[in-house]
2 protein chains.
Amino acid sequence: MKIGILTIGNELMNGRIADTNSAFIAREMNLQGWPVEILMSVGDDASVIKSRLHYLLSLTDAVICTGGLGPTADDITTAAVAEAFGLPLVLNGDVLAFLKEIFARYNLHWTDNNAKQAQFPEGAKVIPNPVGTAAGFALPVQNKLVLVIPGVPAETYRMVPEGVIPVLRRFFPQAVQQTVKQTIKTFGLSEAMVDQRLADVNFNALGVSVGFYPVFPENHLVLIARSETMEAARENLSRAVAEVTSRLADCIFSYGEQTLEEIIAAALAEKKLTIAVAESCTGGLIANRLTDVSGSSVYFDRGFVTYSNEAKIRELGVPSEIIEKHGAVSEETAQRMAEGVRRVAGTDLGLSSTGIAGPTGGTKEKPVGTVYIALADAGRTICRHYAFRWDRKRNKLLSSEAALMMLRTYLQEKK
Amino acid sequence: MKIGILTIGNELMNGRIADTNSAFIAREMNLQGWPVEILMSVGDDASVIKSRLHYLLSLTDAVICTGGLGPTADDITTAAVAEAFGLPLVLNGDVLAFLKEIFARYNLHWTDNNAKQAQFPEGAKVIPNPVGTAAGFALPVQNKLVLVIPGVPAETYRMVPEGVIPVLRRFFPQAVQQTVKQTIKTFGLSEAMVDQRLADVNFNALGVSVGFYPVFPENHLVLIARSETMEAARENLSRAVAEVTSRLADCIFSYGEQTLEEIIAAALAEKKLTIAVAESCTGGLIANRLTDVSGSSVYFDRGFVTYSNEAKIRELGVPSEIIEKHGAVSEETAQRMAEGVRRVAGTDLGLSSTGIAGPTGGTKEKPVGTVYIALADAGRTICRHYAFRWDRKRNKLLSSEAALMMLRTYLQEKK
């Protein structure tokens, strides 16, 4: 069963409001196993709505429309839909009584234009609105279905699962499928490299569809398996996840919706470890990300942004000879920063960054994007060198991601 | 001139990503005085793209497409557009050389699938991409124009004003009006409040269109004056800017594209002042934002993220009695943090934050969102209390914005 979505409103055409209903409805449809064929938005213009609706119905089995169901003159969706199929508008006595009762209950003044919200095309089935006055409706035409609900997101978000989907399942019983979904998050490979590593996996043969979602600097994959039975769908999914894992294991940090920060937070809490950070090129971004998780004060003690050499020496106890000999951007300085912040804060772990975020400050030996990340515990200090190649903000983001990945790997390997 | 917008990508059809490009492009087109007739989204399917493109061209004069220009197998937009009009793909030597140079410069391994990004339909004019590898193109067909650019929002946002609009103006000279534009950035009012304050301004009568761009936590306005002559457009614009300023002066921080961070950087550099920050609830975000500006090491000395009370006492010299008596989240602690960090770092200014970002940690007296921001110089310390009401990340962002606004106002008022 193919779905079309038509969002209606002048505010969408002039860009005053970004359409979030389409993405919400599309997600809900996909979870049912019903592919969305086309999304369209048009203004509040009856002749345009009529023409586009016929076009969408020619491409799909069901069209879900949102918007234009209010009581004011510019809300013309219901009338346009009725006209599109040559149907008269019929007053629904139950809906009218419900509206009048609402007005009475809240002491609102009834004006006759409100009766408009009780009119529906002949043959339509009313879809109740649990959070507003504008009811929706489902209209069977030519063995297909046109569904119309309000465009206010809070109303759309309730009426799709509670009204639209049950109506669709009853009208298209042969399209009811079982689906399961798995998100896999990776870091360290470009989208093209992820794609290449997975090139030989035949997801179709596994009954699984795969989506690539670059969320800089991460790449997320979403696998969706659908089948007649939930058991078969789960089996297909787990085979596809195994194929992906065997090719991307070194880059996967999350099976699910958890963020890298949340995974680290859970691991630090579970192992009862505390951490402090000393940042140079990341400028506070590592601390900011670690403290994005609620409850981070349990494991995060303090952070230093030591931009000047004097701050590295005074706050972290980095020996000035180290900076003089190797430079502020060096493996040695990164290590001493990590060890220093751990000692000063009295935490189990110390994490540090030093590098050249750019666009200025690079040299031939240490070009822009040169970054050292170090992690110290009681026994040892590990340090890695990176060469990033983006603009300042993305180099900072990549550096923070590399630091958090180093921490995550450490926590995973630690007994 | 009527515009159609076609956004392409399976991630739009399964609802994984909400389409923000359409609203952005629609706004930009409206600001040029070019109405948008229809918005459409389809998946990465060549036959679907071909068919929809013809439909859109039948309704409009120019169709702007985004998405599907990457190097991977599922990126098929360029080939689909070429096929739609029976055109061969032609390799563009300049673009190929540019791509190879990028790969060489960053020591990336060249694979032949990347050459795909140097192919364009015969007769297309390349639209350069200033921030990525995927170039766009404009293809004249049947006296109409098909424009294709990448779907990555950061790339779309650059290429529409820098590439798409100039091409449209050249191709449809009769649709070009003289326009001048002014961005005004505000902080401190909701979008609805900005709207309300400006409700009595008749922008139409001034020959000016106004676009609202909420960029949380800021609200940006873009005024565009259109007229036959540049002189008249400029005059209209300056009258509209005066009207806006008289109603929003207390919230405006930028007339232009400069970010708050850049404005502060310029003011600190000009006044030869240095700064250090001490953060609690913002967790490093203020330091991170101050160091997002290249060259920030000139004025930014160091930052402390003092999450634990012990860190506030040890690193910043906040007296423990102050924390015991007034609490870590209090005006007194914020002031002592600002004064302490200034003293420790030996900078001209000290900036601090302390608060409850949430969702846990609130009390009846100090609910989630309670934040104190303080700024100390050699002579005095100013402190303000805020009550934010969002989620953790947005409360952190609002707190950092409030801190930077306090700093910006201080720098503006300082002789």
# chains A, B, ... in the order shown; residues from 1 in each chain; ligands from 1

$ calpha_fit_rmsd --fixed "chain B" --moving "chain A"
5.9 Å

$ interface_residues --of "chain A" --to "chain B" --cutoff "7 Å" --atoms "only C-alpha atoms" --output "JSON, numbers by chain"
{"A": [12, 13, 14, 15, 16, 17, 18, 20, 23, 24, 26, 27, 30, 36, 37, 38, 39, 40, 41, 42, 192, 195, 211, 283, 284, 285, 287, 288, 291, 292, 294, 297, 301, 302, 303, 304, 305, 306, 307, 308, 311, 358, 359, 389, 393]}

$ write_last_selection --atoms "N, CA and C atoms" --output "compact mmCIF listing (two decimals), in the first residue's frame"
# COMPACT_ATOMS: atom_id res chain seq x y z
N LEU A 12 3.22 27.40 4.82
CA LEU A 12 4.25 26.47 4.33
C LEU A 12 4.86 26.99 3.03
N MET A 13 4.06 27.67 2.23
CA MET A 13 4.54 28.11 0.92
C MET A 13 5.44 29.32 1.01
N ASN A 14 5.25 30.16 2.04
CA ASN A 14 6.16 31.30 2.15
C ASN A 14 7.30 31.02 3.13
N GLY A 15 7.35 29.78 3.63
CA GLY A 15 8.48 29.40 4.47
C GLY A 15 8.41 29.91 5.89
N ARG A 16 7.26 30.48 6.24
CA ARG A 16 7.11 31.01 7.60
C ARG A 16 7.21 29.88 8.62
N ILE A 17 6.71 28.70 8.24
CA ILE A 17 6.73 27.54 9.13
C ILE A 17 7.30 26.35 8.37
N ALA A 18 8.22 25.62 9.01
CA ALA A 18 8.73 24.39 8.40
C ALA A 18 7.75 23.27 8.71
N THR A 20 6.64 20.02 9.88
CA THR A 20 7.13 18.88 10.66
C THR A 20 6.12 17.73 10.64
N ALA A 23 7.11 14.67 8.18
CA ALA A 23 8.10 13.72 8.69
C ALA A 23 7.48 12.83 9.75
N PHE A 24 6.65 13.40 10.61
CA PHE A 24 6.00 12.60 11.65
C PHE A 24 5.10 11.53 11.03
N ALA A 26 5.18 10.37 8.00
CA ALA A 26 5.98 9.42 7.21
C ALA A 26 6.59 8.35 8.12
N ARG A 27 7.12 8.77 9.28
CA ARG A 27 7.69 7.81 10.22
C ARG A 27 6.64 6.81 10.68
N ASN A 30 5.86 4.35 7.90
CA ASN A 30 6.94 3.38 7.68
C ASN A 30 6.98 2.30 8.75
N VAL A 36 5.88 5.53 2.00
CA VAL A 36 5.37 6.83 1.57
C VAL A 36 5.97 7.12 0.20
N GLU A 37 5.11 7.37 -0.76
CA GLU A 37 5.53 7.54 -2.15
C GLU A 37 5.87 8.99 -2.44
N ILE A 38 5.14 9.89 -1.81
CA ILE A 38 5.30 11.30 -2.16
C ILE A 38 4.78 12.19 -1.03
N LEU A 39 5.51 13.30 -0.80
CA LEU A 39 5.07 14.34 0.13
C LEU A 39 4.84 15.60 -0.70
N MET A 40 3.76 16.30 -0.42
CA MET A 40 3.51 17.53 -1.16
C MET A 40 2.91 18.57 -0.23
N SER A 41 3.26 19.84 -0.48
CA SER A 41 2.65 20.94 0.26
C SER A 41 2.12 21.95 -0.74
N VAL A 42 0.92 22.47 -0.47
CA VAL A 42 0.36 23.52 -1.31
C VAL A 42 -0.30 24.56 -0.42
N ALA A 192 30.74 7.51 2.53
CA ALA A 192 31.13 6.72 1.37
C ALA A 192 31.85 5.44 1.79
N ASP A 195 29.35 2.95 3.17
CA ASP A 195 28.64 2.42 2.01
C ASP A 195 29.45 1.32 1.32
N GLY A 211 18.75 2.50 5.86
CA GLY A 211 18.87 3.93 5.61
C GLY A 211 20.17 4.47 6.19
N GLY A 283 38.32 23.67 23.49
CA GLY A 283 37.78 24.90 24.08
C GLY A 283 36.59 24.75 25.01
N GLY A 284 36.39 23.58 25.62
CA GLY A 284 35.26 23.40 26.53
C GLY A 284 34.20 22.45 25.98
N LEU A 285 34.38 22.05 24.73
CA LEU A 285 33.35 21.23 24.08
C LEU A 285 33.23 19.83 24.68
N ALA A 287 33.87 18.98 27.85
CA ALA A 287 33.15 19.16 29.12
C ALA A 287 31.67 19.42 28.85
N ASN A 288 31.40 20.26 27.86
CA ASN A 288 30.01 20.57 27.53
C ASN A 288 29.24 19.32 27.15
N THR A 291 28.60 17.01 30.12
CA THR A 291 27.59 17.54 31.04
C THR A 291 26.23 17.73 30.37
N ASP A 292 26.09 17.27 29.13
CA ASP A 292 24.77 17.30 28.48
C ASP A 292 23.85 16.22 29.03
N SER A 294 21.92 14.38 31.96
CA SER A 294 21.41 14.67 33.30
C SER A 294 22.05 13.73 34.31
N SER A 297 26.90 15.16 37.26
CA SER A 297 27.73 15.59 38.40
C SER A 297 28.23 14.39 39.21
N ASP A 301 33.75 15.77 37.54
CA ASP A 301 34.14 16.61 38.66
C ASP A 301 34.42 18.04 38.24
N ARG A 302 35.34 18.19 37.28
CA ARG A 302 35.68 19.53 36.82
C ARG A 302 36.39 19.48 35.48
N GLY A 303 36.47 20.63 34.85
CA GLY A 303 37.16 20.73 33.57
C GLY A 303 37.97 22.01 33.52
N PHE A 304 39.06 21.97 32.76
CA PHE A 304 39.88 23.16 32.55
C PHE A 304 39.98 23.42 31.06
N VAL A 305 39.80 24.67 30.68
CA VAL A 305 40.09 25.06 29.31
C VAL A 305 41.37 25.88 29.38
N THR A 306 42.48 25.22 29.13
CA THR A 306 43.78 25.88 29.29
C THR A 306 44.28 26.31 27.93
N TYR A 307 43.86 27.52 27.53
CA TYR A 307 44.21 28.02 26.22
C TYR A 307 45.65 28.53 26.21
N SER A 308 45.99 29.30 27.25
CA SER A 308 47.36 29.86 27.28
C SER A 308 48.33 28.81 27.85
N ALA A 311 48.38 28.85 31.59
CA ALA A 311 47.29 28.10 32.23
C ALA A 311 47.61 26.61 32.27
N GLY A 358 42.33 25.72 13.74
CA GLY A 358 42.36 26.50 12.50
C GLY A 358 41.40 27.68 12.54
N PRO A 359 41.23 28.42 11.46
CA PRO A 359 41.94 28.24 10.19
C PRO A 359 43.38 28.75 10.22
N ARG A 389 40.60 17.66 8.87
CA ARG A 389 40.76 18.48 7.67
C ARG A 389 39.51 19.30 7.37
N LYS A 393 35.06 24.86 13.47
CA LYS A 393 34.01 24.28 14.31
C LYS A 393 33.96 22.76 14.16

$ select_by_dssp --residues "region 9-208 of chain A" --states "strand (DSSP E)" --output "number ranges by chain"
A: 36-42, 62-66, 89-91, 119-121, 125-127, 136-141, 144-149, 178-187, 208

$ write_last_selection --atoms "N, CA and C atoms" --output "compact mmCIF listing (two decimals), in the first residue's frame"
# COMPACT_ATOMS: atom_id res chain seq x y z
N VAL A 36 5.88 5.53 2.00
CA VAL A 36 5.37 6.83 1.57
C VAL A 36 5.97 7.12 0.20
N GLU A 37 5.11 7.37 -0.76
CA GLU A 37 5.53 7.54 -2.15
C GLU A 37 5.87 8.99 -2.44
N ILE A 38 5.14 9.89 -1.81
CA ILE A 38 5.30 11.30 -2.16
C ILE A 38 4.78 12.19 -1.03
N LEU A 39 5.51 13.30 -0.80
CA LEU A 39 5.07 14.34 0.13
C LEU A 39 4.84 15.60 -0.70
N MET A 40 3.76 16.30 -0.42
CA MET A 40 3.51 17.53 -1.16
C MET A 40 2.91 18.57 -0.23
N SER A 41 3.26 19.84 -0.48
CA SER A 41 2.65 20.94 0.26
C SER A 41 2.12 21.95 -0.74
N VAL A 42 0.92 22.47 -0.47
CA VAL A 42 0.36 23.52 -1.31
C VAL A 42 -0.30 24.56 -0.42
N ALA A 62 -3.66 5.74 -0.62
CA ALA A 62 -4.29 6.57 0.41
C ALA A 62 -3.52 7.88 0.51
N VAL A 63 -4.26 8.98 0.63
CA VAL A 63 -3.64 10.30 0.78
C VAL A 63 -4.07 10.88 2.12
N ILE A 64 -3.06 11.27 2.92
CA ILE A 64 -3.33 11.87 4.21
C ILE A 64 -3.09 13.37 4.09
N CYS A 65 -4.13 14.16 4.33
CA CYS A 65 -4.02 15.62 4.22
C CYS A 65 -4.05 16.23 5.61
N THR A 66 -3.23 17.28 5.83
CA THR A 66 -3.34 18.02 7.09
C THR A 66 -3.49 19.50 6.77
N LEU A 89 -21.61 18.82 0.83
CA LEU A 89 -21.23 18.84 2.25
C LEU A 89 -22.47 18.52 3.07
N VAL A 90 -22.32 17.70 4.07
CA VAL A 90 -23.44 17.28 4.91
C VAL A 90 -23.13 17.65 6.36
N LEU A 91 -24.11 18.24 7.03
CA LEU A 91 -23.91 18.60 8.43
C LEU A 91 -24.02 17.35 9.30
N GLN A 119 -19.31 20.13 9.21
CA GLN A 119 -19.69 19.71 7.85
C GLN A 119 -18.61 18.81 7.26
N PHE A 120 -19.07 17.76 6.57
CA PHE A 120 -18.14 16.80 5.97
C PHE A 120 -18.67 16.38 4.60
N PRO A 121 -17.78 15.96 3.72
CA PRO A 121 -18.26 15.46 2.43
C PRO A 121 -19.16 14.24 2.64
N LYS A 125 -16.30 9.40 6.94
CA LYS A 125 -16.40 8.90 8.31
C LYS A 125 -15.60 9.87 9.19
N VAL A 126 -16.20 10.35 10.25
CA VAL A 126 -15.55 11.34 11.11
C VAL A 126 -14.40 10.71 11.91
N ILE A 127 -13.25 11.40 11.99
CA ILE A 127 -12.14 10.99 12.86
C ILE A 127 -12.10 11.99 14.02
N GLY A 136 -11.44 15.39 12.10
CA GLY A 136 -10.97 14.99 10.78
C GLY A 136 -11.97 14.06 10.14
N PHE A 137 -11.64 13.55 8.94
CA PHE A 137 -12.53 12.58 8.32
C PHE A 137 -11.77 11.71 7.33
N ALA A 138 -12.38 10.52 7.05
CA ALA A 138 -11.84 9.61 6.05
C ALA A 138 -12.89 9.42 4.98
N LEU A 139 -12.50 9.62 3.72
CA LEU A 139 -13.45 9.56 2.62
C LEU A 139 -13.02 8.49 1.62
N PRO A 140 -13.81 7.39 1.48
CA PRO A 140 -13.46 6.39 0.48
C PRO A 140 -13.85 6.90 -0.91
N VAL A 141 -12.87 6.86 -1.84
CA VAL A 141 -13.17 7.22 -3.23
C VAL A 141 -12.42 6.29 -4.17
N LYS A 144 -10.00 3.86 -2.96
CA LYS A 144 -8.87 4.45 -2.24
C LYS A 144 -9.42 5.26 -1.08
N LEU A 145 -8.50 5.85 -0.32
CA LEU A 145 -8.96 6.55 0.87
C LEU A 145 -8.29 7.92 0.96
N VAL A 146 -9.09 8.96 1.17
CA VAL A 146 -8.55 10.29 1.45
C VAL A 146 -8.83 10.58 2.93
N LEU A 147 -7.76 10.87 3.68
CA LEU A 147 -7.93 11.17 5.10
C LEU A 147 -7.52 12.61 5.34
N VAL A 148 -8.31 13.32 6.12
CA VAL A 148 -8.04 14.74 6.36
C VAL A 148 -8.04 14.99 7.87
N ILE A 149 -6.94 15.56 8.38
CA ILE A 149 -6.88 15.89 9.80
C ILE A 149 -6.31 17.30 9.95
N GLN A 178 4.04 -6.79 10.08
CA GLN A 178 4.82 -6.68 11.31
C GLN A 178 6.19 -6.10 10.97
N THR A 179 6.66 -5.11 11.72
CA THR A 179 7.97 -4.50 11.44
C THR A 179 8.80 -4.38 12.72
N VAL A 180 10.12 -4.52 12.56
CA VAL A 180 11.05 -4.22 13.65
C VAL A 180 12.18 -3.38 13.10
N LYS A 181 12.79 -2.58 13.97
CA LYS A 181 13.73 -1.55 13.55
C LYS A 181 14.97 -1.60 14.43
N GLN A 182 16.13 -1.30 13.87
CA GLN A 182 17.36 -1.25 14.67
C GLN A 182 18.24 -0.11 14.16
N THR A 183 18.60 0.80 15.06
CA THR A 183 19.53 1.87 14.72
C THR A 183 20.94 1.43 15.10
N ILE A 184 21.92 1.70 14.24
CA ILE A 184 23.33 1.42 14.53
C ILE A 184 24.11 2.71 14.28
N LYS A 185 24.85 3.18 15.30
CA LYS A 185 25.59 4.43 15.15
C LYS A 185 27.09 4.16 15.04
N THR A 186 27.73 4.84 14.07
CA THR A 186 29.17 4.65 13.84
C THR A 186 29.90 5.98 13.85
N PHE A 187 31.20 5.89 14.15
CA PHE A 187 32.08 7.06 14.02
C PHE A 187 33.42 6.58 13.49
N VAL A 208 15.27 -6.74 4.45
CA VAL A 208 15.55 -5.60 5.33
C VAL A 208 15.85 -4.36 4.48

$ atom_distance --atom1 "CA of Gly33 (chain A)" --atom2 "CA of Gln177 (chain A)"
6.0 Å

$ residues_around --residues "Glu83 (chain A)" --least-positions-apart "4" --cutoff "12 Å" --atoms "only C-alpha atoms" --output "PyMOL selection string"
chain A and resi 46-51+53-54+76-79+87-89+120-122

$ write_last_selection --atoms "N, CA and C atoms" --output "compact mmCIF listing (two decimals), in the first residue's frame"
# COMPACT_ATOMS: atom_id res chain seq x y z
N ALA A 46 -8.46 26.44 -3.20
CA ALA A 46 -9.33 25.28 -3.46
C ALA A 46 -9.01 24.60 -4.80
N SER A 47 -8.81 25.38 -5.86
CA SER A 47 -8.61 24.73 -7.16
C SER A 47 -7.27 24.00 -7.19
N VAL A 48 -6.27 24.57 -6.53
CA VAL A 48 -4.97 23.89 -6.44
C VAL A 48 -5.10 22.59 -5.63
N ILE A 49 -5.78 22.65 -4.50
CA ILE A 49 -5.94 21.46 -3.66
C ILE A 49 -6.65 20.35 -4.45
N LYS A 50 -7.72 20.71 -5.16
CA LYS A 50 -8.48 19.71 -5.93
C LYS A 50 -7.59 19.02 -6.96
N SER A 51 -6.84 19.83 -7.69
CA SER A 51 -6.00 19.27 -8.76
C SER A 51 -4.89 18.38 -8.19
N LEU A 53 -4.79 16.84 -5.34
CA LEU A 53 -5.36 15.66 -4.69
C LEU A 53 -5.60 14.55 -5.72
N HIS A 54 -6.12 14.90 -6.88
CA HIS A 54 -6.31 13.90 -7.93
C HIS A 54 -4.98 13.33 -8.38
N ILE A 76 -10.21 26.09 3.86
CA ILE A 76 -11.12 25.66 2.79
C ILE A 76 -10.89 24.20 2.41
N THR A 77 -10.12 23.46 3.23
CA THR A 77 -9.76 22.10 2.84
C THR A 77 -10.98 21.19 2.67
N THR A 78 -11.89 21.20 3.66
CA THR A 78 -13.05 20.28 3.59
C THR A 78 -13.87 20.54 2.33
N ALA A 79 -14.15 21.80 2.07
CA ALA A 79 -14.95 22.14 0.88
C ALA A 79 -14.22 21.73 -0.39
N LEU A 87 -18.96 15.89 -4.40
CA LEU A 87 -19.82 15.48 -3.29
C LEU A 87 -20.38 16.71 -2.57
N PRO A 88 -21.63 16.63 -2.09
CA PRO A 88 -22.13 17.74 -1.27
C PRO A 88 -21.57 17.67 0.14
N LEU A 89 -21.61 18.82 0.83
CA LEU A 89 -21.23 18.84 2.25
C LEU A 89 -22.47 18.52 3.07
N PHE A 120 -19.07 17.76 6.57
CA PHE A 120 -18.14 16.80 5.97
C PHE A 120 -18.67 16.38 4.60
N PRO A 121 -17.78 15.96 3.72
CA PRO A 121 -18.26 15.46 2.43
C PRO A 121 -19.16 14.24 2.64
N GLU A 122 -20.18 14.12 1.82
CA GLU A 122 -21.11 12.99 1.93
C GLU A 122 -20.34 11.67 1.83

$ closest_residue --among "B:Met405, B:Ile373, B:Leu398, B:Leu99" --to "Asp250 (chain B)" --atoms "only C-alpha atoms"
B:Met405

$ residues_around --residues "Met337 (chain A)" --least-positions-apart "2" --cutoff "10 Å" --atoms "only C-alpha atoms" --output "MDAnalysis selection string"
chainID A and resid 277:280 304 306 312:313 315:319 331:335 339:343 350:354 373:376

$ select_by_dssp --residues "region 51-249 of chain B" --states "helix (DSSP H, G or I)" --output "ChimeraX atom specification"
/B:51-59,77-84,93-105,112-118,153-171,173-175,191-197,230-249

$ residues_around --residues "Met159 (chain A)" --least-positions-apart "3" --cutoff "8 Å" --atoms "only C-alpha atoms" --output "PDB file with N, CA and C atoms, in the first residue's frame"
ATOM      1  N   ILE A 127     -13.246  11.397  11.986  1.00  0.00           N
ATOM      2  CA  ILE A 127     -12.135  10.994  12.863  1.00  0.00           C
ATOM      3  C   ILE A 127     -12.105  11.992  14.015  1.00  0.00           C
ATOM      4  N   PRO A 128     -12.429  11.555  15.230  1.00  0.00           N
ATOM      5  CA  PRO A 128     -12.545  12.511  16.341  1.00  0.00           C
ATOM      6  C   PRO A 128     -11.198  13.170  16.665  1.00  0.00           C
ATOM      7  N   ASN A 129     -11.271  14.399  17.165  1.00  0.00           N
ATOM      8  CA  ASN A 129     -10.086  15.143  17.589  1.00  0.00           C
ATOM      9  C   ASN A 129     -10.074  15.203  19.118  1.00  0.00           C
ATOM     10  N   PRO A 130      -9.136  14.483  19.761  1.00  0.00           N
ATOM     11  CA  PRO A 130      -9.156  14.438  21.234  1.00  0.00           C
ATOM     12  C   PRO A 130      -8.634  15.712  21.884  1.00  0.00           C
ATOM     13  N   ILE A 149      -6.945  15.558   8.376  1.00  0.00           N
ATOM     14  CA  ILE A 149      -6.879  15.895   9.804  1.00  0.00           C
ATOM     15  C   ILE A 149      -6.309  17.303   9.950  1.00  0.00           C
ATOM     16  N   GLU A 155      -2.230  18.280  17.469  1.00  0.00           N
ATOM     17  CA  GLU A 155      -3.427  17.527  17.091  1.00  0.00           C
ATOM     18  C   GLU A 155      -3.072  16.410  16.107  1.00  0.00           C
ATOM     19  N   THR A 156      -2.190  16.722  15.162  1.00  0.00           N
ATOM     20  CA  THR A 156      -1.731  15.710  14.211  1.00  0.00           C
ATOM     21  C   THR A 156      -1.090  14.539  14.953  1.00  0.00           C
ATOM     22  N   GLU A 162      -4.077   7.501  16.760  1.00  0.00           N
ATOM     23  CA  GLU A 162      -5.366   7.145  17.362  1.00  0.00           C
ATOM     24  C   GLU A 162      -6.509   7.064  16.363  1.00  0.00           C
ATOM     25  N   GLY A 163      -6.381   7.779  15.235  1.00  0.00           N
ATOM     26  CA  GLY A 163      -7.484   7.806  14.279  1.00  0.00           C
ATOM     27  C   GLY A 163      -7.100   7.294  12.900  1.00  0.00           C
ATOM     28  N   VAL A 164      -6.048   7.877  12.326  1.00  0.00           N
ATOM     29  CA  VAL A 164      -5.697   7.583  10.933  1.00  0.00           C
ATOM     30  C   VAL A 164      -5.260   6.123  10.756  1.00  0.00           C
TER      31      VAL A 164
END

$ atom_distance --atom1 "CA of Leu411 (chain B)" --atom2 "CA of Gly355 (chain B)"
24.0 Å

$ atom_distance --atom1 "CA of Ala199 (chain B)" --atom2 "CA of Glu218 (chain B)"
19.2 Å
